[in-house]
Amino acid sequence: MENNKPIFAVDVDAVLRDNIGMMVDLYNKEFNDTMKVDDIKQYKTELSFPRIEAESGITAQHWFFQDHSKELFLDAKPFPNVAEDIKRLKQYGSVVIVTYQKTIKNKAQTLEWLEKNGIEYDSIIFTKDKSIVRCDFFIDDNDWNFIGNNARVGFLVDAPYNMDVQIDELCEKSNCQKMYRCESFHSFVDTIEQKFSHSIKI
């Protein structure tokens, strides 16, 4: 921590923005299916949505991230209380948004989405390799992003595609001193707030 002010590194998709819910809605509408968010057991879109390429000839990544980027990156809803929770978190330290977006267009749309939804932050980093980020607390939904991660404490947000991940084993693959699961960004901020009242030693 710099000057005793912790740095919170926060992911966007599936942490602040409900892109998974939007993906399922788009898919069901286009392919007349009844998929639910809980059915998404694989992080990779081509594994979770195999019908897209099989029936349209377009990869799932292209279909979502290019053909439907507006819906996915601008129209997807924030999770409840996200803007307020970010403001709560900023009382205790610096908030750095750390997100991987596939295209320049997706990056621009993400910046617009953050502004549109009143989500404040101190800085933003677009990177696929999140291990480069130096921070005190790191929160993400993708377990791969914790491998080699240099945060002091990591928080894995529950998602249907990471429920089989053993948090102790993942911690050993990271450089985190400790790792925890949390149900949502809201519960993460609740935990931070509670710990700050007890000197933030998690």
# chains A, B, ... in the order shown; residues from 1 in each chain; ligands from 1
call {"tool": "residues_around", "arguments": {"residues": "range 116-118 of chain A", "least_positions_apart": "4", "cutoff": "8 Å", "atoms": "only C-alpha atoms", "output": "JSON, numbers by chain"}}
result
{"A": [78, 83, 112]}
call {"tool": "residues_around", "arguments": {"residues": "range 183-196 of chain A", "least_positions_apart": "4", "cutoff": "10 Å", "atoms": "only C-alpha atoms", "output": "PyMOL selection string"}}
result
chain A and resi 10-11+14-16+79-82+84-89+91-92+137+139-141+155-159+200-202
call {"tool": "closest_residue", "arguments": {"among": "A:Arg152, A:Lys70, A:Lys178, A:Lys173", "to": "Asn106 in chain A", "atoms": "only C-alpha atoms"}}
result
A:Lys70
call {"tool": "residues_around", "arguments": {"residues": "Gly154 in chain A", "least_positions_apart": "4", "cutoff": "10 Å", "atoms": "only C-alpha atoms", "output": "MDAnalysis selection string"}}
result
chainID A and resid 9 135:140 146 149:150 167 170:171 174:181
call {"tool": "select_by_dssp", "arguments": {"residues": "chain A", "states": "strand (DSSP E)", "output": "ChimeraX atom specification"}}
result
/A:7-10,94-99,123-126,137-140,153-157,178-182
call {"tool": "write_last_selection", "arguments": {"atoms": "N, CA and C atoms", "output": "mmCIF file, in the first residue's frame"}}
result
data_model
loop_
_atom_site.group_PDB
_atom_site.id
_atom_site.type_symbol
_atom_site.label_atom_id
_atom_site.label_comp_id
_atom_site.auth_asym_id
_atom_site.auth_seq_id
_atom_site.Cartn_x
_atom_site.Cartn_y
_atom_site.Cartn_z
ATOM 1 N N ILE A 7 -4.792 -0.164 -2.934
ATOM 2 C CA ILE A 7 -5.223 -0.133 -4.330
ATOM 3 C C ILE A 7 -6.143 -1.324 -4.568
ATOM 4 N N PHE A 8 -7.344 -1.035 -5.062
ATOM 5 C CA PHE A 8 -8.325 -2.066 -5.385
ATOM 6 C C PHE A 8 -8.386 -2.224 -6.900
ATOM 7 N N ALA A 9 -8.024 -3.389 -7.406
ATOM 8 C CA ALA A 9 -8.100 -3.676 -8.836
ATOM 9 C C ALA A 9 -9.402 -4.426 -9.107
ATOM 10 N N VAL A 10 -10.231 -3.842 -9.959
ATOM 11 C CA VAL A 10 -11.588 -4.347 -10.149
ATOM 12 C C VAL A 10 -11.837 -4.686 -11.616
ATOM 13 N N SER A 94 -7.736 3.585 -3.629
ATOM 14 C CA SER A 94 -7.837 3.895 -5.061
ATOM 15 C C SER A 94 -8.458 2.718 -5.806
ATOM 16 N N VAL A 95 -9.345 3.032 -6.727
ATOM 17 C CA VAL A 95 -9.983 2.009 -7.545
ATOM 18 C C VAL A 95 -9.384 2.038 -8.945
ATOM 19 N N VAL A 96 -8.802 0.909 -9.342
ATOM 20 C CA VAL A 96 -8.236 0.762 -10.682
ATOM 21 C C VAL A 96 -9.067 -0.283 -11.426
ATOM 22 N N ILE A 97 -9.683 0.125 -12.517
ATOM 23 C CA ILE A 97 -10.406 -0.824 -13.347
ATOM 24 C C ILE A 97 -9.388 -1.598 -14.181
ATOM 25 N N VAL A 98 -9.458 -2.927 -14.117
ATOM 26 C CA VAL A 98 -8.534 -3.777 -14.872
ATOM 27 C C VAL A 98 -9.372 -4.749 -15.699
ATOM 28 N N THR A 99 -9.363 -4.560 -17.005
ATOM 29 C CA THR A 99 -10.254 -5.356 -17.851
ATOM 30 C C THR A 99 -9.595 -5.683 -19.174
ATOM 31 N N SER A 123 -8.178 5.079 -12.189
ATOM 32 C CA SER A 123 -7.466 4.798 -13.429
ATOM 33 C C SER A 123 -8.017 3.515 -14.028
ATOM 34 N N ILE A 124 -7.643 3.268 -15.279
ATOM 35 C CA ILE A 124 -8.117 2.052 -15.953
ATOM 36 C C ILE A 124 -6.968 1.442 -16.738
ATOM 37 N N ILE A 125 -6.901 0.116 -16.709
ATOM 38 C CA ILE A 125 -5.876 -0.629 -17.429
ATOM 39 C C ILE A 125 -6.575 -1.672 -18.295
ATOM 40 N N PHE A 126 -6.306 -1.625 -19.609
ATOM 41 C CA PHE A 126 -6.797 -2.664 -20.516
ATOM 42 C C PHE A 126 -5.645 -3.634 -20.756
ATOM 43 N N PHE A 137 -5.730 -5.436 -3.399
ATOM 44 C CA PHE A 137 -6.891 -6.313 -3.512
ATOM 45 C C PHE A 137 -7.290 -6.429 -4.976
ATOM 46 N N PHE A 138 -7.510 -7.673 -5.425
ATOM 47 C CA PHE A 138 -7.843 -7.938 -6.822
ATOM 48 C C PHE A 138 -9.122 -8.756 -6.856
ATOM 49 N N ILE A 139 -10.124 -8.297 -7.625
ATOM 50 C CA ILE A 139 -11.389 -9.021 -7.708
ATOM 51 C C ILE A 139 -11.709 -9.309 -9.159
ATOM 52 N N ASP A 140 -12.012 -10.579 -9.462
ATOM 53 C CA ASP A 140 -12.231 -11.018 -10.837
ATOM 54 C C ASP A 140 -13.087 -12.283 -10.803
ATOM 55 N N VAL A 153 -4.206 -9.724 -1.696
ATOM 56 C CA VAL A 153 -5.384 -10.546 -1.418
ATOM 57 C C VAL A 153 -6.241 -10.624 -2.679
ATOM 58 N N GLY A 154 -6.653 -11.826 -3.041
ATOM 59 C CA GLY A 154 -7.506 -12.020 -4.208
ATOM 60 C C GLY A 154 -8.911 -12.432 -3.817
ATOM 61 N N PHE A 155 -9.879 -11.973 -4.602
ATOM 62 C CA PHE A 155 -11.278 -12.352 -4.408
ATOM 63 C C PHE A 155 -11.833 -12.859 -5.733
ATOM 64 N N LEU A 156 -12.278 -14.109 -5.747
ATOM 65 C CA LEU A 156 -12.897 -14.704 -6.920
ATOM 66 C C LEU A 156 -14.408 -14.581 -6.798
ATOM 67 N N VAL A 157 -15.034 -13.878 -7.744
ATOM 68 C CA VAL A 157 -16.480 -13.704 -7.718
ATOM 69 C C VAL A 157 -17.156 -14.967 -8.239
ATOM 70 N N LYS A 178 -3.386 -14.377 0.352
ATOM 71 C CA LYS A 178 -4.646 -15.039 0.685
ATOM 72 C C LYS A 178 -5.618 -14.870 -0.472
ATOM 73 N N MET A 179 -6.576 -15.806 -0.558
ATOM 74 C CA MET A 179 -7.634 -15.702 -1.557
ATOM 75 C C MET A 179 -8.960 -16.125 -0.954
ATOM 76 N N TYR A 180 -10.016 -15.486 -1.427
ATOM 77 C CA TYR A 180 -11.357 -15.770 -0.934
ATOM 78 C C TYR A 180 -12.323 -15.816 -2.104
ATOM 79 N N ARG A 181 -13.456 -16.424 -1.872
ATOM 80 C CA ARG A 181 -14.594 -16.318 -2.774
ATOM 81 C C ARG A 181 -15.543 -15.247 -2.250
ATOM 82 N N CYS A 182 -16.285 -14.627 -3.168
ATOM 83 C CA CYS A 182 -17.355 -13.731 -2.748
ATOM 84 C C CYS A 182 -18.515 -13.888 -3.725
#
call {"tool": "atom_distance", "arguments": {"atom1": "CA of Asn32 in chain A", "atom2": "CA of Leu74 in chain A"}}
result
23.2 Å
call {"tool": "residues_around", "arguments": {"residues": "Ile40 in chain A", "least_positions_apart": "5", "cutoff": "10 Å", "atoms": "only C-alpha atoms", "output": "number ranges by chain"}}
result
A: 20, 24, 35, 45, 47-49, 159-162
call {"tool": "select_by_dssp", "arguments": {"residues": "range 2-197 of chain A", "states": "alpha helix (DSSP H)", "output": "number ranges by chain"}}
result
A: 19-31, 45-48, 50-56, 60-62, 69, 82-90, 104-116, 167-173, 185-196
call {"tool": "write_last_selection", "arguments": {"atoms": "C-alpha atoms", "output": "CSV table (one decimal), in the first residue's frame"}}
result
chain,number,residue,atom,x,y,z
A,19,ASN,CA,-22.5,-9.3,-19.8
A,20,ILE,CA,-23.3,-13.0,-19.2
A,21,GLY,CA,-26.9,-12.2,-18.7
A,22,MET,CA,-27.0,-10.2,-21.9
A,23,MET,CA,-25.2,-12.9,-23.8
A,24,VAL,CA,-27.8,-15.5,-22.7
A,25,ASP,CA,-30.6,-13.1,-23.6
A,26,LEU,CA,-29.2,-12.4,-27.1
A,27,TYR,CA,-28.5,-16.1,-27.7
A,28,ASN,CA,-32.0,-17.2,-26.7
A,29,LYS,CA,-33.7,-14.6,-28.8
A,30,GLU,CA,-31.6,-15.4,-31.9
A,31,PHE,CA,-31.6,-19.2,-31.6
A,45,THR,CA,-17.9,-18.6,-25.5
A,46,GLU,CA,-17.3,-21.2,-28.2
A,47,LEU,CA,-17.7,-24.0,-25.6
A,48,SER,CA,-20.8,-22.5,-23.9
A,50,PRO,CA,-21.6,-24.2,-29.7
A,51,ARG,CA,-24.8,-23.7,-31.8
A,52,ILE,CA,-23.7,-20.2,-32.9
A,53,GLU,CA,-20.9,-21.4,-35.2
A,54,ALA,CA,-22.6,-24.7,-36.1
A,55,GLU,CA,-25.8,-22.9,-37.3
A,56,SER,CA,-24.5,-19.5,-38.5
A,60,ALA,CA,-19.3,-17.2,-31.0
A,61,GLN,CA,-16.6,-14.6,-30.3
A,62,HIS,CA,-17.3,-12.7,-33.5
A,69,SER,CA,-21.0,-5.4,-29.3
A,82,VAL,CA,-22.5,-1.1,-8.4
A,83,ALA,CA,-22.1,2.6,-8.7
A,84,GLU,CA,-22.8,3.1,-5.0
A,85,ASP,CA,-20.5,0.3,-4.0
A,86,ILE,CA,-17.6,1.8,-6.0
A,87,LYS,CA,-18.1,5.1,-4.2
A,88,ARG,CA,-18.0,3.2,-0.9
A,89,LEU,CA,-14.8,1.5,-1.9
A,90,LYS,CA,-13.2,4.8,-2.9
A,104,ILE,CA,-10.5,-1.0,-29.7
A,105,LYS,CA,-14.3,-0.6,-30.3
A,106,ASN,CA,-15.0,-2.8,-27.2
A,107,LYS,CA,-12.6,-0.7,-25.2
A,108,ALA,CA,-14.4,2.5,-26.3
A,109,GLN,CA,-17.8,1.0,-25.5
A,110,THR,CA,-16.6,-0.1,-22.1
A,111,LEU,CA,-15.4,3.5,-21.3
A,112,GLU,CA,-18.7,4.8,-22.4
A,113,TRP,CA,-20.6,2.2,-20.3
A,114,LEU,CA,-18.7,3.1,-17.2
A,115,GLU,CA,-19.5,6.8,-17.7
A,116,LYS,CA,-23.1,6.1,-18.5
A,167,ILE,CA,-9.7,-21.6,-3.9
A,168,ASP,CA,-6.7,-22.9,-1.9
A,169,GLU,CA,-5.2,-24.5,-5.0
A,170,LEU,CA,-5.8,-21.3,-7.0
A,171,CYS,CA,-4.1,-19.3,-4.2
A,172,GLU,CA,-1.0,-21.5,-4.5
A,173,LYS,CA,-0.8,-20.8,-8.3
A,185,PHE,CA,-19.0,-7.1,-6.0
A,186,HIS,CA,-21.5,-5.9,-3.4
A,187,SER,CA,-20.5,-8.6,-0.9
A,188,PHE,CA,-16.8,-7.8,-1.6
A,189,VAL,CA,-17.3,-4.2,-0.7
A,190,ASP,CA,-19.2,-5.2,2.4
A,191,THR,CA,-16.3,-7.4,3.4
A,192,ILE,CA,-13.8,-4.5,2.8
A,193,GLU,CA,-15.9,-2.1,4.8
A,194,GLN,CA,-16.2,-4.5,7.7
A,195,LYS,CA,-12.5,-5.2,7.7
A,196,PHE,CA,-11.6,-1.5,7.6
call {"tool": "atom_distance", "arguments": {"atom1": "CA of Lys41 in chain A", "atom2": "CA of Ile132 in chain A"}}
result
27.4 Å
call {"tool": "closest_residue", "arguments": {"among": "A:Asp164, A:Phe73, A:Asp143, A:Ala151", "to": "Val12 in chain A", "atoms": "only C-alpha atoms"}}
result
A:Phe73
call {"tool": "atom_distance", "arguments": {"atom1": "CA of Ser131 in chain A", "atom2": "CA of Asn145 in chain A"}}
result
7.0 Å
call {"tool": "closest_residue", "arguments": {"among": "A:Thr59, A:Gln42, A:Arg134, A:Trp144", "to": "Pro6 in chain A", "atoms": "only C-alpha atoms"}}
result
A:Arg134
